[in-house]
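One file, work35.txt, is given below (compact mmCIF, C-alpha atoms).
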```
# COMPACT_ATOMS: atom_id res chain seq x y z
CA MET A 734 72.59 -0.69 9.93
CA VAL A 735 74.45 -2.76 7.32
CA PHE A 736 78.16 -3.06 8.13
CA TYR A 737 80.94 -3.63 5.60
CA SER A 738 84.30 -5.28 6.30
CA LEU A 739 87.24 -5.29 3.89
CA VAL A 740 89.26 -8.50 4.25
CA PHE A 741 92.65 -9.45 2.80
CA TRP A 742 93.73 -13.03 2.16
CA ARG A 743 97.52 -12.98 2.46
CA GLY A 744 98.23 -16.45 1.13
CA GLU A 745 99.19 -19.55 3.03
CA HIS A 746 101.75 -17.61 5.02
CA TRP A 747 102.15 -13.85 5.25
CA SER A 748 105.51 -12.19 4.65
CA ASN A 749 106.71 -8.73 3.70
CA ASN A 750 107.66 -10.09 0.29
CA SER A 751 104.32 -11.73 -0.46
CA GLY A 752 102.50 -10.90 -3.65
CA GLN A 753 99.27 -9.06 -4.22
CA ASP A 754 96.57 -10.11 -1.80
CA HIS A 755 93.05 -11.19 -2.64
CA ARG A 756 90.45 -8.72 -1.40
CA GLN A 757 87.12 -9.86 -0.01
CA LEU A 758 84.10 -7.86 1.08
CA ILE A 759 81.95 -9.09 3.97
CA ILE A 760 78.47 -7.60 4.26
CA SER A 761 76.82 -8.07 7.66
CA SER A 762 73.39 -7.08 8.92
CA ASP A 763 75.00 -4.91 11.61
CA ARG A 764 78.31 -4.31 13.36
CA GLY A 765 77.54 -6.85 16.06
CA ILE A 766 77.20 -9.64 13.48
CA ALA A 767 80.40 -8.52 11.72
CA ASN A 768 82.23 -8.70 15.05
CA TYR A 769 80.72 -12.11 15.80
CA LEU A 770 81.96 -13.51 12.48
CA PHE A 771 85.46 -12.26 13.24
CA ARG A 772 85.28 -13.79 16.71
CA LEU A 773 84.26 -17.17 15.23
CA ILE A 774 87.26 -16.96 12.92
CA GLN A 775 89.52 -16.09 15.85
CA ASP A 776 88.22 -19.15 17.68
CA ARG A 777 88.86 -21.33 14.61
CA SER A 778 92.40 -20.06 14.04
CA ASP A 779 95.65 -21.83 14.84
CA PRO A 780 98.39 -19.19 14.99
CA ILE A 781 101.13 -21.59 16.10
CA HIS A 782 100.86 -24.84 14.13
CA ARG A 783 98.64 -23.56 11.29
CA GLN A 784 96.70 -26.83 11.21
CA ARG A 785 93.19 -25.30 11.22
CA ASP A 786 91.23 -23.32 8.62
CA PHE A 787 92.63 -19.90 9.56
CA HIS A 788 95.91 -18.61 10.92
CA GLU A 789 97.76 -15.30 11.25
CA VAL A 790 94.45 -13.49 11.70
CA GLN A 791 95.18 -9.78 12.13
CA ARG A 792 92.72 -7.10 13.18
CA LEU A 793 93.72 -3.92 11.31
CA SER A 794 90.71 -1.78 12.24
CA PRO A 795 87.00 -2.32 13.05
CA GLN A 796 86.34 -2.50 9.28
CA MET A 797 89.51 -4.19 8.03
CA TRP A 798 91.28 -7.45 8.83
CA SER A 799 93.45 -10.07 7.20
CA TYR A 800 94.12 -13.78 7.47
CA CYS A 801 96.13 -16.63 6.03
CA SER A 802 94.83 -20.03 4.95
CA ARG A 803 95.58 -22.83 2.51
CA ASP A 804 93.55 -21.05 -0.21
CA TRP A 805 91.43 -17.93 -0.66
CA GLU A 806 88.13 -19.86 -0.75
CA VAL A 807 88.28 -20.96 2.89
CA LEU A 808 86.45 -17.85 4.10
CA ARG A 809 83.81 -18.05 1.36
CA LYS A 810 83.15 -21.70 2.12
CA PHE A 811 82.89 -21.00 5.85
CA ILE A 812 80.29 -18.27 5.28
CA ASP A 813 78.39 -20.51 2.85
CA GLN A 814 78.28 -23.25 5.50
CA ILE A 815 77.08 -20.74 8.10
CA ASN A 816 74.17 -19.64 5.91
CA LEU A 817 73.28 -23.24 5.05
CA GLY A 818 73.31 -24.17 8.74
CA LYS A 819 76.06 -26.72 8.11
CA ALA A 820 79.02 -25.01 9.79
CA GLU A 821 80.60 -26.70 12.79
CA LEU A 822 78.80 -24.45 15.25
CA SER A 823 76.41 -25.04 18.10
CA ASN A 824 72.74 -24.43 17.34
CA GLU A 825 72.87 -21.35 19.54
CA SER A 826 75.84 -19.89 17.66
CA SER A 827 74.35 -20.79 14.28
CA ASN A 828 71.05 -19.09 15.07
CA LYS A 829 72.85 -15.87 15.99
CA ILE A 830 74.52 -15.43 12.61
CA ARG A 831 72.84 -17.63 9.99
CA GLY A 832 71.51 -15.63 7.04
CA LYS A 833 72.98 -12.38 8.36
CA VAL A 834 76.35 -12.29 6.62
CA LEU A 835 77.21 -12.27 2.91
CA TYR A 836 80.46 -12.70 0.98
CA GLN A 837 81.68 -10.89 -2.14
CA HIS A 838 85.03 -11.65 -3.82
CA LEU A 839 86.91 -8.61 -5.14
CA ASP A 840 89.90 -10.36 -6.73
CA ASP A 841 93.45 -9.10 -6.43
CA TRP A 842 94.50 -5.85 -4.89
CA ASN A 843 93.92 -2.87 -7.23
CA TYR A 844 92.13 -5.10 -9.73
CA ARG A 845 88.57 -3.89 -9.22
CA ASN A 846 86.94 -0.93 -7.54
CA ILE A 847 85.12 -1.55 -4.28
CA ALA A 848 81.41 -0.90 -4.52
CA PRO A 849 79.95 0.40 -2.35
CA ILE A 850 82.75 2.46 -0.83
CA LEU A 851 83.08 1.62 2.84
CA PRO A 852 81.69 4.54 4.86
CA ASP A 853 84.18 6.33 7.10
CA ILE A 854 83.00 5.64 10.65
CA ASP A 855 84.89 6.72 13.76
CA VAL A 856 84.39 3.86 16.21
CA ALA A 857 86.49 2.21 18.89
CA ASP A 858 87.35 -1.43 18.36
CA HIS A 859 85.87 -3.70 21.04
CA ILE A 860 89.03 -5.56 22.03
CA ASP A 861 88.92 -7.49 25.31
CA GLY A 862 90.86 -5.68 28.05
CA SER A 863 90.97 -2.31 26.30
CA VAL A 864 90.30 1.03 27.99
CA PHE A 865 87.44 3.24 26.82
CA CYS A 866 85.45 6.33 27.58
CA ILE A 867 81.69 5.74 27.45
CA ARG A 868 79.32 8.33 26.03
CA ASN A 869 75.69 8.69 25.08
CA LYS A 870 75.24 7.87 21.40
CA ARG A 871 72.37 10.32 20.95
CA VAL A 872 73.80 13.05 23.23
CA PRO A 873 77.56 12.56 22.72
CA GLU A 874 78.60 15.31 25.13
CA ARG A 875 77.34 13.15 28.02
CA PHE A 876 80.08 10.88 29.39
CA TRP A 877 80.23 8.33 32.17
CA ALA A 878 82.22 9.79 35.07
CA ILE A 879 82.78 9.23 38.75
CA ALA A 880 81.47 12.10 40.85
CA ASP A 881 84.03 13.98 42.94
CA GLY A 882 84.10 12.75 46.52
CA THR A 883 81.86 9.74 45.84
CA THR A 884 82.17 6.18 44.55
CA ARG A 885 79.07 6.31 42.34
CA ILE A 886 79.33 6.33 38.56
CA GLY A 887 77.25 9.04 36.97
CA VAL A 888 76.97 11.12 33.81
CA SER A 889 78.62 14.46 33.15
CA THR A 890 79.18 16.96 30.36
CA SER A 891 82.20 18.51 32.08
CA LYS A 892 84.36 15.44 32.84
CA ARG A 893 84.80 11.83 31.85
CA SER A 894 86.34 8.72 33.37
CA LYS A 895 88.14 5.85 31.68
CA PHE A 896 86.90 2.29 32.03
CA GLY A 897 88.45 -1.07 31.29
CA ILE A 898 86.17 -3.81 29.99
CA ARG A 899 87.10 -7.48 30.21
CA ILE A 900 85.30 -10.70 29.38
CA ALA A 901 84.37 -12.35 32.68
CA GLY A 902 86.36 -15.47 33.44
CA THR A 903 89.42 -14.49 31.43
CA HIS A 904 92.78 -14.09 33.11
CA ASP A 905 93.16 -10.62 34.61
CA ARG A 906 96.03 -9.29 32.57
CA GLU A 907 97.40 -5.77 32.50
CA ASP A 908 97.32 -5.57 28.71
CA ASN A 909 95.07 -6.54 25.84
CA SER A 910 97.65 -8.56 23.95
CA ASN A 911 95.30 -11.53 23.53
CA GLY A 912 93.39 -9.44 20.97
CA ARG A 913 90.09 -11.26 21.47
CA LEU A 914 87.14 -9.32 20.15
CA MET A 915 84.20 -8.79 22.52
CA VAL A 916 80.77 -9.58 21.11
CA LYS A 917 77.38 -8.61 22.43
CA TRP A 918 76.69 -12.00 24.03
CA ASP A 919 79.85 -11.95 26.17
CA THR A 920 79.46 -11.49 29.92
CA VAL A 921 81.86 -8.70 30.88
CA LYS A 922 83.22 -6.91 33.93
CA LEU A 923 83.75 -3.15 34.17
CA TYR A 924 86.73 -1.42 35.81
CA LEU A 925 87.30 2.22 36.70
CA MET A 926 90.82 3.11 35.61
CA GLU A 927 92.59 5.28 38.18
CA GLN A 928 96.10 6.72 38.01
CA ASN A 929 97.81 3.86 39.81
CA ALA A 930 95.24 1.08 39.79
CA LYS A 931 91.98 -0.19 38.37
CA VAL A 932 88.90 -0.57 40.54
CA LEU A 933 86.19 -3.12 39.80
CA ILE A 934 82.72 -1.65 39.32
CA SER A 935 80.04 -3.19 41.53
CA LYS A 936 76.26 -3.03 41.81
CA ASN A 937 74.58 -1.32 44.75
CA LYS A 938 70.79 -1.61 44.41
CA GLY A 939 71.23 -1.44 40.66
CA PHE A 940 73.52 1.60 40.67
CA LEU A 941 77.14 1.44 39.50
CA GLU A 942 79.83 2.16 42.07
CA ALA A 943 83.61 1.84 42.21
CA ASP A 944 84.13 -0.87 44.83
CA LYS A 945 87.57 -2.00 45.95
CA ASP A 946 86.03 -4.78 48.05
CA ASP A 947 84.76 -6.72 44.99
CA GLN A 948 81.70 -8.05 46.84
CA ASP A 949 79.09 -7.77 44.09
CA PRO A 950 80.84 -7.19 40.75
CA ALA A 951 78.76 -5.69 37.99
CA GLN A 952 78.62 -8.39 35.33
CA PHE A 953 76.38 -7.98 32.32
CA GLU A 954 76.16 -8.90 28.65
CA PHE A 955 78.34 -6.58 26.61
CA GLY A 956 75.44 -5.88 24.27
CA THR A 957 73.39 -4.60 27.21
CA LEU A 958 75.65 -1.58 27.32
CA LEU A 959 75.09 -0.87 23.63
CA ARG A 960 71.34 -1.36 23.38
CA GLY A 961 69.70 0.31 26.36
CA GLY A 962 70.67 -1.64 29.46
CA PHE A 963 71.59 1.41 31.54
CA MET A 964 69.42 4.40 32.29
CA VAL A 965 70.17 7.81 33.78
CA ILE A 966 68.42 8.62 37.05
CA GLU A 967 67.95 12.37 37.37
CA THR A 968 66.99 14.31 40.47
CA SER A 969 64.44 17.12 40.46
CA ASP A 970 67.38 19.51 40.46
CA GLU A 971 68.25 20.31 36.85
CA SER A 972 71.97 20.46 37.63
CA ASP A 973 74.24 18.82 35.07
CA SER A 974 76.60 17.52 37.77
CA ALA A 975 77.54 13.83 37.85
CA LYS A 976 76.37 13.90 41.48
CA LYS A 977 72.83 14.47 40.18
CA LEU A 978 72.88 12.04 37.28
CA SER A 979 73.50 8.41 38.21
CA LEU A 980 73.57 5.24 36.13
CA LYS A 981 71.37 2.27 36.91
CA PHE A 982 70.74 -1.15 35.39
CA VAL A 983 67.46 -1.52 33.53
CA ASN A 984 65.97 -4.41 31.59
CA PRO A 985 66.53 -3.49 27.91
CA GLU A 986 63.13 -4.98 27.05
CA TYR A 987 61.51 -2.14 28.98
CA GLN A 988 63.17 0.35 26.62
CA GLY A 989 63.94 2.64 29.53
CA GLY A 990 67.69 2.81 29.03
CA GLU A 991 69.98 5.00 27.01
CA ILE A 992 72.12 3.89 24.06
CA TRP A 993 75.82 4.16 24.88
CA GLU A 994 78.97 3.79 22.78
CA LEU A 995 82.66 3.29 23.46
CA CYS A 996 85.23 5.83 22.37
```
Render the structure in this file as structure tokens.
Amino acid sequence: MVFYSLVFWRGEHWSNNSGQDHRQLIISSDRGIANYLFRLIQDRSDPIHRQRDFHEVQRLSPQMWSYCSRDWEVLRKFIDQINLGKAELSNESSNKIRGKVLYQHLDDWNYRNIAPILPDIDVADHIDGSVFCIRNKRVPERFWAIADGTTRIGVSTSKRSKFGIRIAGTHDREDNSNGRLMVKWDTVKLYLMEQNAKVLISKNKGFLEADKDDQDPAQFEFGTLLRGGFMVIETSDESDSAKKLSLKFVNPEYQGGEIWELC
């Protein structure tokens, strides 16, 4: 589904006394591409010395963000270079986004109406290190939960667990102050958040289990979670208990998994 992002250029340096900001509309082929563009801009920013194309990049919501740069055309030129295949990106990165993102300039704040109006969507922002509940996108009353008295992660309509998600290889911090946005190609780790600690999720014959020993951590592409990489294994008993519904890895190409979302 097409995804719209409203962007504010706040001048060369943002301050509370700055003038009216230029508004820009970014039209992406889907939310994943919109997030990837923002991540590329994060990676090209220089918040300290302000010597690169972007600085003071601020994520205001999944559909709204702002930045500073030497002039308002920096973002337009970057997107033009992406679509021409001339941006300073690897071939792999270029192929992921080229031709999938468009730019529209809206001029100053309150100068022109936005068309189309951005749809109101209630989604969690995919910030590295954040804590989420995970639910079935098509059956939203089904949540990931740890079954009472077990270590296995299952699915329940009566309870839900909280999970931390972190990009693999990043420093294990207790907060998400780095603000890096996770994209579907990132390899991530999953943690069960308990009252006094977080427990790394591991794989046991493909099933997800809370494992304090950290012997076989469950690492997977973030997009796998969102596009069918986990399926629900049900027993012959039609009980709706998490003990009877377990989660298991599945190759998304087999189309056997469920579509999940973060909330």
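Between atom CA of Val856 of chain A and atom CA of Arg809 of chain A the separation is 26.5 Å.
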Atom pair atom CA of Glu927 of chain A / atom CA of Val872 of chain A: separation (Å):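 Separation between atom CA of Glu927 of chain A and atom CA of Val872 of chain A: 25.2 Å.
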Point (73.4, -14.3, 15.3), cut-off 12 Å, counting all atoms listed in the file, residues as JSON, numbers by chain: {"A": [761, 762, 763, 764, 765, 766, 767, 768, 769, 770, 772, 773, 815, 816, 818, 822, 823, 824, 825, 826, 827, 828, 829, 830, 831, 832, 833, 834, 916, 917, 918]}
Separation of atom CA of Phe865 of chain A from atom CA of Arg893 of chain A, in Å and rounded to one decimal: 10.3 Å
Produce the centre coordinates and the three edge lengths, each in Å to one decimal, of the box along x, y and z that contains all listed atoms of segment 815-819 of chain A with 8 Å added on each side, as lines of an AutoDock Vina configuration file.
```
center_x = 75.2
center_y = -23.2
center_z = 6.9
size_x = 19.8
size_y = 23.1
size_z = 19.7
```
Who sits within 8 Å of Ala901 of chain A, all atoms listed in the file, same chain under 4 positions skipped, as a PyMOL selection string: chain A and resi 919-922+952
Please identify all polymer residues within 12 Å of Ile886 of chain A, counting all atoms listed in the file, omitting same-chain residues fewer than 4 positions from it, and present them as a tab-separated table (two decimals) with C-alpha atoms, in the frame of the given file.
```tsv
chain	number	residue	atom	x	y	z
A	867	ILE	CA	81.69	5.74	27.45
A	876	PHE	CA	80.08	10.88	29.39
A	877	TRP	CA	80.23	8.33	32.17
A	878	ALA	CA	82.22	9.79	35.07
A	879	ILE	CA	82.78	9.23	38.75
A	880	ALA	CA	81.47	12.10	40.85
A	881	ASP	CA	84.03	13.98	42.94
A	882	GLY	CA	84.10	12.75	46.52
A	892	LYS	CA	84.36	15.44	32.84
A	893	ARG	CA	84.80	11.83	31.85
A	894	SER	CA	86.34	8.72	33.37
A	895	LYS	CA	88.14	5.85	31.68
A	896	PHE	CA	86.90	2.29	32.03
A	923	LEU	CA	83.75	-3.15	34.17
A	924	TYR	CA	86.73	-1.42	35.81
A	925	LEU	CA	87.30	2.22	36.70
A	932	VAL	CA	88.90	-0.57	40.54
A	933	LEU	CA	86.19	-3.12	39.80
A	934	ILE	CA	82.72	-1.65	39.32
A	935	SER	CA	80.04	-3.19	41.53
A	936	LYS	CA	76.26	-3.03	41.81
A	937	ASN	CA	74.58	-1.32	44.75
A	939	GLY	CA	71.23	-1.44	40.66
A	940	PHE	CA	73.52	1.60	40.67
A	941	LEU	CA	77.14	1.44	39.50
A	942	GLU	CA	79.83	2.16	42.07
A	943	ALA	CA	83.61	1.84	42.21
A	944	ASP	CA	84.13	-0.87	44.83
A	963	PHE	CA	71.59	1.41	31.54
A	964	MET	CA	69.42	4.40	32.29
A	965	VAL	CA	70.17	7.81	33.78
A	966	ILE	CA	68.42	8.62	37.05
A	974	SER	CA	76.60	17.52	37.77
A	975	ALA	CA	77.54	13.83	37.85
A	976	LYS	CA	76.37	13.90	41.48
A	977	LYS	CA	72.83	14.47	40.18
A	978	LEU	CA	72.88	12.04	37.28
A	979	SER	CA	73.50	8.41	38.21
A	980	LEU	CA	73.57	5.24	36.13
A	981	LYS	CA	71.37	2.27	36.91
A	982	PHE	CA	70.74	-1.15	35.39
```
Nearest to Met915 of chain A by atom-to-atom distance, counting all atoms listed in the file, from A:Gln791, A:Gln775, A:Gln814, A:Ser738: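 Answer, going by the shortest atom-to-atom distance: A:Gln775.
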